[in-house]
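So this block is upload-v1.txt, compact mmCIF, N, CA and C atoms:
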```txt
# COMPACT_ATOMS: atom_id res chain seq x y z
N MET A 1 -16.96 55.69 9.11
CA MET A 1 -16.03 55.51 10.20
C MET A 1 -16.56 54.36 11.06
N LEU A 2 -15.71 53.40 11.32
CA LEU A 2 -16.12 52.24 12.08
C LEU A 2 -15.89 52.42 13.58
N ALA A 3 -14.88 53.19 13.93
CA ALA A 3 -14.56 53.36 15.34
C ALA A 3 -13.96 54.74 15.55
N VAL A 4 -14.11 55.24 16.75
CA VAL A 4 -13.56 56.54 17.09
C VAL A 4 -12.38 56.34 18.03
N GLY A 5 -11.29 57.00 17.70
CA GLY A 5 -10.10 56.90 18.53
C GLY A 5 -10.02 58.02 19.53
N ASN A 6 -8.82 58.31 19.96
CA ASN A 6 -8.59 59.38 20.93
C ASN A 6 -8.94 60.74 20.33
N ASP A 7 -9.45 61.62 21.14
CA ASP A 7 -9.78 62.99 20.76
C ASP A 7 -10.78 63.07 19.61
N GLY A 8 -11.61 62.06 19.45
CA GLY A 8 -12.63 62.09 18.40
C GLY A 8 -12.12 61.84 17.01
N LYS A 9 -10.85 61.49 16.86
CA LYS A 9 -10.29 61.21 15.53
C LYS A 9 -10.61 59.77 15.15
N ALA A 10 -10.60 59.52 13.85
CA ALA A 10 -10.87 58.15 13.37
C ALA A 10 -9.80 57.20 13.88
N ALA A 11 -10.24 56.05 14.34
CA ALA A 11 -9.30 55.04 14.82
C ALA A 11 -8.62 54.36 13.64
N LYS A 12 -7.42 53.87 13.86
CA LYS A 12 -6.68 53.15 12.83
C LYS A 12 -6.50 51.72 13.28
N GLY A 13 -6.54 50.82 12.34
CA GLY A 13 -6.33 49.42 12.67
C GLY A 13 -7.25 48.51 11.90
N GLU A 14 -7.32 47.27 12.31
CA GLU A 14 -8.15 46.27 11.66
C GLU A 14 -9.21 45.79 12.64
N ILE A 15 -10.35 45.41 12.10
CA ILE A 15 -11.41 44.84 12.91
C ILE A 15 -11.47 43.35 12.60
N THR A 16 -11.31 42.53 13.62
CA THR A 16 -11.34 41.09 13.44
C THR A 16 -12.54 40.50 14.15
N GLY A 17 -12.94 39.34 13.70
CA GLY A 17 -14.07 38.67 14.31
C GLY A 17 -14.30 37.32 13.69
N ILE A 18 -15.42 36.71 14.06
CA ILE A 18 -15.79 35.41 13.52
C ILE A 18 -16.98 35.60 12.59
N TYR A 19 -16.90 35.01 11.41
CA TYR A 19 -17.99 35.09 10.45
C TYR A 19 -18.15 33.74 9.76
N PHE A 20 -19.27 33.59 9.04
CA PHE A 20 -19.58 32.35 8.36
C PHE A 20 -19.62 32.58 6.86
N ARG A 21 -19.21 31.57 6.12
CA ARG A 21 -19.22 31.65 4.66
C ARG A 21 -19.73 30.32 4.11
N GLU A 22 -20.72 30.39 3.24
CA GLU A 22 -21.25 29.18 2.61
C GLU A 22 -20.52 28.97 1.28
N LEU A 23 -20.02 27.77 1.08
CA LEU A 23 -19.29 27.44 -0.14
C LEU A 23 -19.87 26.20 -0.79
N GLY A 24 -19.94 26.21 -2.11
CA GLY A 24 -20.34 25.04 -2.86
C GLY A 24 -19.11 24.34 -3.40
N PHE A 25 -19.21 23.03 -3.60
CA PHE A 25 -18.10 22.29 -4.17
C PHE A 25 -18.62 21.22 -5.12
N GLN A 26 -17.75 20.80 -6.03
CA GLN A 26 -18.06 19.72 -6.95
C GLN A 26 -16.82 18.87 -7.14
N LEU A 27 -16.97 17.57 -7.01
CA LEU A 27 -15.86 16.63 -7.14
C LEU A 27 -16.30 15.45 -7.99
N ASP A 28 -15.33 14.80 -8.61
CA ASP A 28 -15.60 13.53 -9.28
C ASP A 28 -15.38 12.42 -8.27
N SER A 29 -16.28 11.44 -8.25
CA SER A 29 -16.17 10.33 -7.31
C SER A 29 -16.28 9.01 -8.08
N PRO A 30 -15.29 8.15 -7.94
CA PRO A 30 -15.34 6.88 -8.67
C PRO A 30 -16.38 5.90 -8.14
N SER A 31 -16.84 6.10 -6.92
CA SER A 31 -17.80 5.16 -6.35
C SER A 31 -19.15 5.84 -6.11
N ALA A 32 -20.18 5.03 -5.95
CA ALA A 32 -21.52 5.56 -5.68
C ALA A 32 -21.64 6.08 -4.26
N ASP A 33 -20.81 5.55 -3.35
CA ASP A 33 -20.82 6.00 -1.96
C ASP A 33 -19.79 7.10 -1.77
N PHE A 34 -20.22 8.20 -1.19
CA PHE A 34 -19.32 9.33 -0.93
C PHE A 34 -19.41 9.70 0.54
N ASP A 35 -18.26 9.76 1.18
CA ASP A 35 -18.20 10.15 2.58
C ASP A 35 -17.33 11.40 2.67
N TYR A 36 -17.94 12.52 3.05
CA TYR A 36 -17.22 13.80 3.09
C TYR A 36 -16.01 13.72 4.02
N SER A 37 -16.16 13.10 5.16
CA SER A 37 -15.08 13.09 6.15
C SER A 37 -13.85 12.32 5.67
N SER A 38 -14.02 11.35 4.76
CA SER A 38 -12.86 10.61 4.27
C SER A 38 -12.41 11.09 2.89
N SER A 39 -13.03 12.15 2.39
CA SER A 39 -12.66 12.67 1.07
C SER A 39 -11.62 13.78 1.23
N HIS A 40 -11.19 14.29 0.10
CA HIS A 40 -10.23 15.40 0.10
C HIS A 40 -10.95 16.75 0.09
N ALA A 41 -12.28 16.75 0.12
CA ALA A 41 -13.05 18.00 0.04
C ALA A 41 -12.70 18.96 1.17
N ASP A 42 -12.55 18.44 2.38
CA ASP A 42 -12.23 19.29 3.53
C ASP A 42 -10.91 20.02 3.31
N ALA A 43 -9.89 19.31 2.86
CA ALA A 43 -8.57 19.91 2.62
C ALA A 43 -8.63 20.93 1.49
N ILE A 44 -9.40 20.64 0.45
CA ILE A 44 -9.52 21.57 -0.68
C ILE A 44 -10.20 22.86 -0.23
N ILE A 45 -11.26 22.75 0.56
CA ILE A 45 -11.98 23.93 1.04
C ILE A 45 -11.10 24.76 1.97
N ARG A 46 -10.38 24.10 2.86
CA ARG A 46 -9.47 24.84 3.75
C ARG A 46 -8.40 25.58 2.95
N GLN A 47 -7.85 24.94 1.94
CA GLN A 47 -6.83 25.58 1.11
C GLN A 47 -7.41 26.78 0.36
N PHE A 48 -8.63 26.63 -0.15
CA PHE A 48 -9.28 27.72 -0.86
C PHE A 48 -9.47 28.95 0.03
N ILE A 49 -9.96 28.72 1.25
CA ILE A 49 -10.19 29.83 2.19
C ILE A 49 -8.88 30.52 2.52
N GLU A 50 -7.85 29.75 2.79
CA GLU A 50 -6.56 30.33 3.18
C GLU A 50 -5.93 31.12 2.04
N GLN A 51 -6.22 30.79 0.80
CA GLN A 51 -5.69 31.53 -0.34
C GLN A 51 -6.44 32.83 -0.57
N GLN A 52 -7.69 32.90 -0.15
CA GLN A 52 -8.51 34.08 -0.39
C GLN A 52 -8.12 35.26 0.49
N GLN A 53 -7.85 35.00 1.73
CA GLN A 53 -7.52 36.08 2.66
C GLN A 53 -6.39 35.63 3.56
N GLN A 54 -5.53 36.55 3.85
CA GLN A 54 -4.45 36.24 4.77
C GLN A 54 -4.95 36.40 6.20
N GLU A 55 -4.24 35.77 7.09
CA GLU A 55 -4.51 35.89 8.52
C GLU A 55 -5.92 35.42 8.88
N THR A 56 -6.34 34.29 8.32
CA THR A 56 -7.61 33.70 8.70
C THR A 56 -7.37 32.34 9.33
N LYS A 57 -8.27 31.97 10.20
CA LYS A 57 -8.23 30.65 10.82
C LYS A 57 -9.60 30.01 10.66
N ILE A 58 -9.63 28.78 10.20
CA ILE A 58 -10.89 28.06 10.06
C ILE A 58 -11.21 27.42 11.40
N LYS A 59 -12.37 27.77 11.94
CA LYS A 59 -12.79 27.27 13.24
C LYS A 59 -13.68 26.03 13.12
N GLY A 60 -14.21 25.79 11.93
CA GLY A 60 -15.05 24.61 11.74
C GLY A 60 -15.68 24.60 10.37
N ILE A 61 -16.04 23.40 9.92
CA ILE A 61 -16.74 23.22 8.65
C ILE A 61 -17.92 22.27 8.91
N LYS A 62 -19.10 22.71 8.50
CA LYS A 62 -20.31 21.90 8.66
C LYS A 62 -20.87 21.60 7.28
N VAL A 63 -21.10 20.33 7.00
CA VAL A 63 -21.67 19.92 5.73
C VAL A 63 -23.17 20.21 5.74
N LEU A 64 -23.63 20.97 4.75
CA LEU A 64 -25.04 21.32 4.66
C LEU A 64 -25.79 20.39 3.70
N GLN A 65 -25.13 20.02 2.61
CA GLN A 65 -25.81 19.23 1.59
C GLN A 65 -24.76 18.51 0.75
N VAL A 66 -25.05 17.24 0.39
CA VAL A 66 -24.18 16.47 -0.50
C VAL A 66 -25.06 15.60 -1.39
N GLN A 67 -24.78 15.65 -2.70
CA GLN A 67 -25.47 14.81 -3.68
C GLN A 67 -24.43 14.11 -4.53
N ASN A 68 -24.66 12.84 -4.83
CA ASN A 68 -23.78 12.09 -5.71
C ASN A 68 -24.63 11.57 -6.86
N VAL A 69 -24.47 12.18 -8.04
CA VAL A 69 -25.24 11.80 -9.22
C VAL A 69 -24.27 11.43 -10.33
N ASN A 70 -24.27 10.15 -10.70
CA ASN A 70 -23.43 9.66 -11.79
C ASN A 70 -21.96 10.01 -11.61
N GLY A 71 -21.45 9.87 -10.40
CA GLY A 71 -20.04 10.12 -10.13
C GLY A 71 -19.66 11.58 -9.94
N LYS A 72 -20.63 12.48 -10.01
CA LYS A 72 -20.39 13.91 -9.75
C LYS A 72 -20.96 14.23 -8.38
N VAL A 73 -20.08 14.58 -7.47
CA VAL A 73 -20.50 14.91 -6.11
C VAL A 73 -20.59 16.43 -6.01
N ARG A 74 -21.77 16.90 -5.62
CA ARG A 74 -21.98 18.33 -5.41
C ARG A 74 -22.47 18.53 -3.99
N GLY A 75 -22.04 19.63 -3.41
CA GLY A 75 -22.46 19.89 -2.05
C GLY A 75 -22.24 21.32 -1.63
N LYS A 76 -22.69 21.60 -0.42
CA LYS A 76 -22.50 22.92 0.20
C LYS A 76 -22.02 22.71 1.62
N VAL A 77 -21.11 23.57 2.04
CA VAL A 77 -20.62 23.54 3.41
C VAL A 77 -20.70 24.95 3.99
N LEU A 78 -20.81 25.02 5.30
CA LEU A 78 -20.78 26.28 6.02
C LEU A 78 -19.46 26.32 6.78
N VAL A 79 -18.65 27.35 6.49
CA VAL A 79 -17.33 27.46 7.08
C VAL A 79 -17.34 28.58 8.11
N LYS A 80 -16.89 28.27 9.32
CA LYS A 80 -16.76 29.26 10.40
C LYS A 80 -15.32 29.75 10.37
N ILE A 81 -15.16 31.06 10.17
CA ILE A 81 -13.84 31.65 9.96
C ILE A 81 -13.57 32.75 10.98
N GLN A 82 -12.37 32.76 11.52
CA GLN A 82 -11.94 33.87 12.35
C GLN A 82 -10.91 34.63 11.54
N GLY A 83 -11.16 35.91 11.35
CA GLY A 83 -10.22 36.69 10.55
C GLY A 83 -10.57 38.15 10.52
N ILE A 84 -10.03 38.83 9.55
CA ILE A 84 -10.19 40.27 9.41
C ILE A 84 -11.53 40.58 8.77
N LEU A 85 -12.32 41.40 9.43
CA LEU A 85 -13.61 41.84 8.89
C LEU A 85 -13.48 43.13 8.09
N ALA A 86 -12.60 44.01 8.53
CA ALA A 86 -12.43 45.30 7.85
C ALA A 86 -11.01 45.80 8.06
N LYS A 87 -10.49 46.39 7.00
CA LYS A 87 -9.18 47.04 7.07
C LYS A 87 -9.39 48.52 6.77
N PRO A 88 -8.55 49.35 7.33
CA PRO A 88 -8.70 50.78 7.04
C PRO A 88 -8.31 51.07 5.59
N GLU A 89 -9.06 51.92 4.97
CA GLU A 89 -8.74 52.37 3.62
C GLU A 89 -8.55 53.88 3.69
N TYR A 90 -7.47 54.33 3.15
CA TYR A 90 -7.16 55.74 3.21
C TYR A 90 -7.58 56.37 1.88
N LEU A 91 -8.58 57.21 1.95
CA LEU A 91 -9.09 57.86 0.76
C LEU A 91 -8.58 59.29 0.69
N LYS A 92 -8.28 59.72 -0.51
CA LYS A 92 -7.82 61.09 -0.73
C LYS A 92 -8.98 62.05 -0.52
N GLU A 93 -8.75 63.06 0.26
CA GLU A 93 -9.80 64.04 0.50
C GLU A 93 -10.03 64.86 -0.76
N THR A 94 -11.29 65.04 -1.09
CA THR A 94 -11.62 65.79 -2.30
C THR A 94 -12.50 67.00 -1.97
N LEU A 95 -12.31 67.57 -0.81
CA LEU A 95 -13.14 68.70 -0.42
C LEU A 95 -12.93 69.92 -1.30
N ASN A 96 -11.71 70.11 -1.79
CA ASN A 96 -11.42 71.31 -2.58
C ASN A 96 -11.55 71.06 -4.08
N ASP A 97 -12.02 69.87 -4.49
CA ASP A 97 -12.16 69.57 -5.92
C ASP A 97 -13.44 70.10 -6.49
```
Before we go any further, please render this structure as structure tokens.
Amino acid sequence: MLAVGNDGKAAKGEITGIYFRELGFQLDSPSADFDYSSSHADAIIRQFIEQQQQETKIKGIKVLQVQNVNGKVRGKVLVKIQGILAKPEYLKETLND
């Protein structure tokens, strides 16, 4: 039980908050110079996050690491997300089983 409602009964609803998620990415780059801010990586990561969970808002993306080796760009970003942390799940009582 995450929260207690009125009269000591379990509360119903969703718990929302801000959390961080580290994501890795890999892109092909035609040039030896790669600039994250002018690439499509930011848009791709935002689209990925939005497809994973509904009702999320991206509050920021921080680049942690970027490598460009032979036209393959690999990196990691830290994404700050505001969204649902927990949803209620209704389980069938099995006390009499």
Calculate, to one decimal in Å, the centre and edge lengths of the box along x, y and z of the file that holds all listed atoms of segment 79-88 of chain A with 8 Å of margin on each side, and present them as JSON.
```
{"center_x": -13.5, "center_y": 39.2, "center_z": 9.0, "size_x": 26.3, "size_y": 39.7, "size_z": 22.8}
```
Closest of A:Asp7, A:Asp28, A:Ile61, A:Asp33 to Ile49 of chain A - atom-to-atom distances counting only C-alpha atoms = A:Ile61
Spatial neighbours of Ile18 of chain A, max dist 8 Å, all atoms listed in the file, sep filter under 6 positions, as a list of chain:residue names = A:Lys80, A:Ile81, A:Gln82, A:Gly83, A:Ile84, A:Leu85
For Ser31 of chain A: contacts at 10 Å, only C-alpha atoms, fewer than 6 positions along chain excluded, given as a list in words =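 So, after excluding close chain neighbours, the residues are Asn68, Asn70, Gly71 and Lys72 of chain A.
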Rounded to one decimal in Å, what is the spacing between atom CA of Lys62 of chain A and atom N of Leu78 of chain A?
->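 Going from atom CA of Lys62 of chain A over to atom N of Leu78 of chain A, I get 4.6 Å.
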Between atom CA of Ile15 of chain A and atom CA of Ala86 of chain A, what is the distance, to one decimal in Å?
->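 One can read the atom CA of Ile15 of chain A to atom CA of Ala86 of chain A distance as 5.2 Å.
The gap separating atom CA of Glu14 of chain A from atom C of Lys76 of chain A is 29.1 Å, in Å to one decimal.
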Non-local contacts of Gly75 of chain A (5 Å; all atoms listed in the file; under 5 positions in same chain excluded) as a PyMOL selection string = chain A and resi 24-25+65-67
Expected file: the selected residues, N, CA and C atoms, as a short mmCIF file (atom, residue, chain, number, x, y, z; two decimals), in the frame of the given file:
```
data_model
loop_
_atom_site.label_atom_id
_atom_site.label_comp_id
_atom_site.auth_asym_id
_atom_site.auth_seq_id
_atom_site.Cartn_x
_atom_site.Cartn_y
_atom_site.Cartn_z
N GLY A 24 -19.94 26.21 -2.11
CA GLY A 24 -20.34 25.04 -2.86
C GLY A 24 -19.11 24.34 -3.40
N PHE A 25 -19.21 23.03 -3.60
CA PHE A 25 -18.10 22.29 -4.17
C PHE A 25 -18.62 21.22 -5.12
N GLN A 65 -25.13 20.02 2.61
CA GLN A 65 -25.81 19.23 1.59
C GLN A 65 -24.76 18.51 0.75
N VAL A 66 -25.05 17.24 0.39
CA VAL A 66 -24.18 16.47 -0.50
C VAL A 66 -25.06 15.60 -1.39
N GLN A 67 -24.78 15.65 -2.70
CA GLN A 67 -25.47 14.81 -3.68
C GLN A 67 -24.43 14.11 -4.53
#
```
Shortest interatomic distance to Ala32 of chain A - which of A:Val77, A:Ile58, A:Val69, A:Val63, counting all atoms listed in the file = A:Val69
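Using only C-alpha atoms, the shortest contact distance between Val79 of chain A and any of A:Glu22, A:Glu55, A:Glu50, A:Asp42 is found at A:Glu22.
Proximity ranking of A:Gly13, A:Ala41, A:Ser29, A:Arg21 relative to Val73 of chain A places A:Ser29 first, based on all atoms listed in the file.
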As an mmCIF file, in the frame of the given file, please: segment 18-36 of chain A completed to N, CA, C and O atoms.
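Now in selection_39.cif:
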```cif
data_model
loop_
_atom_site.group_PDB
_atom_site.id
_atom_site.type_symbol
_atom_site.label_atom_id
_atom_site.label_comp_id
_atom_site.auth_asym_id
_atom_site.auth_seq_id
_atom_site.Cartn_x
_atom_site.Cartn_y
_atom_site.Cartn_z
ATOM 1 N N ILE A 18 -15.420 36.710 14.060
ATOM 2 C CA ILE A 18 -15.790 35.410 13.520
ATOM 3 C C ILE A 18 -16.980 35.600 12.590
ATOM 4 O O ILE A 18 -17.922 36.306 12.920
ATOM 5 N N TYR A 19 -16.900 35.010 11.410
ATOM 6 C CA TYR A 19 -17.990 35.090 10.450
ATOM 7 C C TYR A 19 -18.150 33.740 9.760
ATOM 8 O O TYR A 19 -17.322 32.848 9.880
ATOM 9 N N PHE A 20 -19.270 33.590 9.040
ATOM 10 C CA PHE A 20 -19.580 32.350 8.360
ATOM 11 C C PHE A 20 -19.620 32.580 6.860
ATOM 12 O O PHE A 20 -20.033 33.638 6.407
ATOM 13 N N ARG A 21 -19.210 31.570 6.120
ATOM 14 C CA ARG A 21 -19.220 31.650 4.660
ATOM 15 C C ARG A 21 -19.730 30.320 4.110
ATOM 16 O O ARG A 21 -19.220 29.267 4.473
ATOM 17 N N GLU A 22 -20.720 30.390 3.240
ATOM 18 C CA GLU A 22 -21.250 29.180 2.610
ATOM 19 C C GLU A 22 -20.520 28.970 1.280
ATOM 20 O O GLU A 22 -20.408 29.888 0.478
ATOM 21 N N LEU A 23 -20.020 27.770 1.080
ATOM 22 C CA LEU A 23 -19.290 27.440 -0.140
ATOM 23 C C LEU A 23 -19.870 26.200 -0.790
ATOM 24 O O LEU A 23 -20.237 25.240 -0.110
ATOM 25 N N GLY A 24 -19.940 26.210 -2.110
ATOM 26 C CA GLY A 24 -20.340 25.040 -2.860
ATOM 27 C C GLY A 24 -19.110 24.340 -3.400
ATOM 28 O O GLY A 24 -18.078 24.963 -3.642
ATOM 29 N N PHE A 25 -19.210 23.030 -3.600
ATOM 30 C CA PHE A 25 -18.100 22.290 -4.170
ATOM 31 C C PHE A 25 -18.620 21.220 -5.120
ATOM 32 O O PHE A 25 -19.777 20.808 -5.062
ATOM 33 N N GLN A 26 -17.750 20.800 -6.030
ATOM 34 C CA GLN A 26 -18.060 19.720 -6.950
ATOM 35 C C GLN A 26 -16.820 18.870 -7.140
ATOM 36 O O GLN A 26 -15.729 19.398 -7.385
ATOM 37 N N LEU A 27 -16.970 17.570 -7.010
ATOM 38 C CA LEU A 27 -15.860 16.630 -7.140
ATOM 39 C C LEU A 27 -16.300 15.450 -7.990
ATOM 40 O O LEU A 27 -17.482 15.119 -8.059
ATOM 41 N N ASP A 28 -15.330 14.800 -8.610
ATOM 42 C CA ASP A 28 -15.600 13.530 -9.280
ATOM 43 C C ASP A 28 -15.380 12.420 -8.270
ATOM 44 O O ASP A 28 -14.400 12.429 -7.524
ATOM 45 N N SER A 29 -16.280 11.440 -8.250
ATOM 46 C CA SER A 29 -16.170 10.330 -7.310
ATOM 47 C C SER A 29 -16.280 9.010 -8.080
ATOM 48 O O SER A 29 -17.253 8.795 -8.793
ATOM 49 N N PRO A 30 -15.290 8.150 -7.940
ATOM 50 C CA PRO A 30 -15.340 6.880 -8.670
ATOM 51 C C PRO A 30 -16.380 5.900 -8.140
ATOM 52 O O PRO A 30 -16.776 4.980 -8.845
ATOM 53 N N SER A 31 -16.840 6.100 -6.920
ATOM 54 C CA SER A 31 -17.800 5.160 -6.350
ATOM 55 C C SER A 31 -19.150 5.840 -6.110
ATOM 56 O O SER A 31 -19.248 7.062 -6.060
ATOM 57 N N ALA A 32 -20.180 5.030 -5.950
ATOM 58 C CA ALA A 32 -21.520 5.560 -5.680
ATOM 59 C C ALA A 32 -21.640 6.080 -4.260
ATOM 60 O O ALA A 32 -22.471 6.922 -3.963
ATOM 61 N N ASP A 33 -20.810 5.550 -3.350
ATOM 62 C CA ASP A 33 -20.820 6.000 -1.960
ATOM 63 C C ASP A 33 -19.790 7.100 -1.770
ATOM 64 O O ASP A 33 -18.637 6.960 -2.151
ATOM 65 N N PHE A 34 -20.220 8.200 -1.190
ATOM 66 C CA PHE A 34 -19.320 9.330 -0.930
ATOM 67 C C PHE A 34 -19.410 9.700 0.540
ATOM 68 O O PHE A 34 -20.500 9.919 1.058
ATOM 69 N N ASP A 35 -18.260 9.760 1.180
ATOM 70 C CA ASP A 35 -18.200 10.150 2.580
ATOM 71 C C ASP A 35 -17.330 11.400 2.670
ATOM 72 O O ASP A 35 -16.130 11.348 2.398
ATOM 73 N N TYR A 36 -17.940 12.520 3.050
ATOM 74 C CA TYR A 36 -17.220 13.800 3.090
ATOM 75 C C TYR A 36 -16.010 13.720 4.020
ATOM 76 O O TYR A 36 -14.936 14.205 3.679
#
```
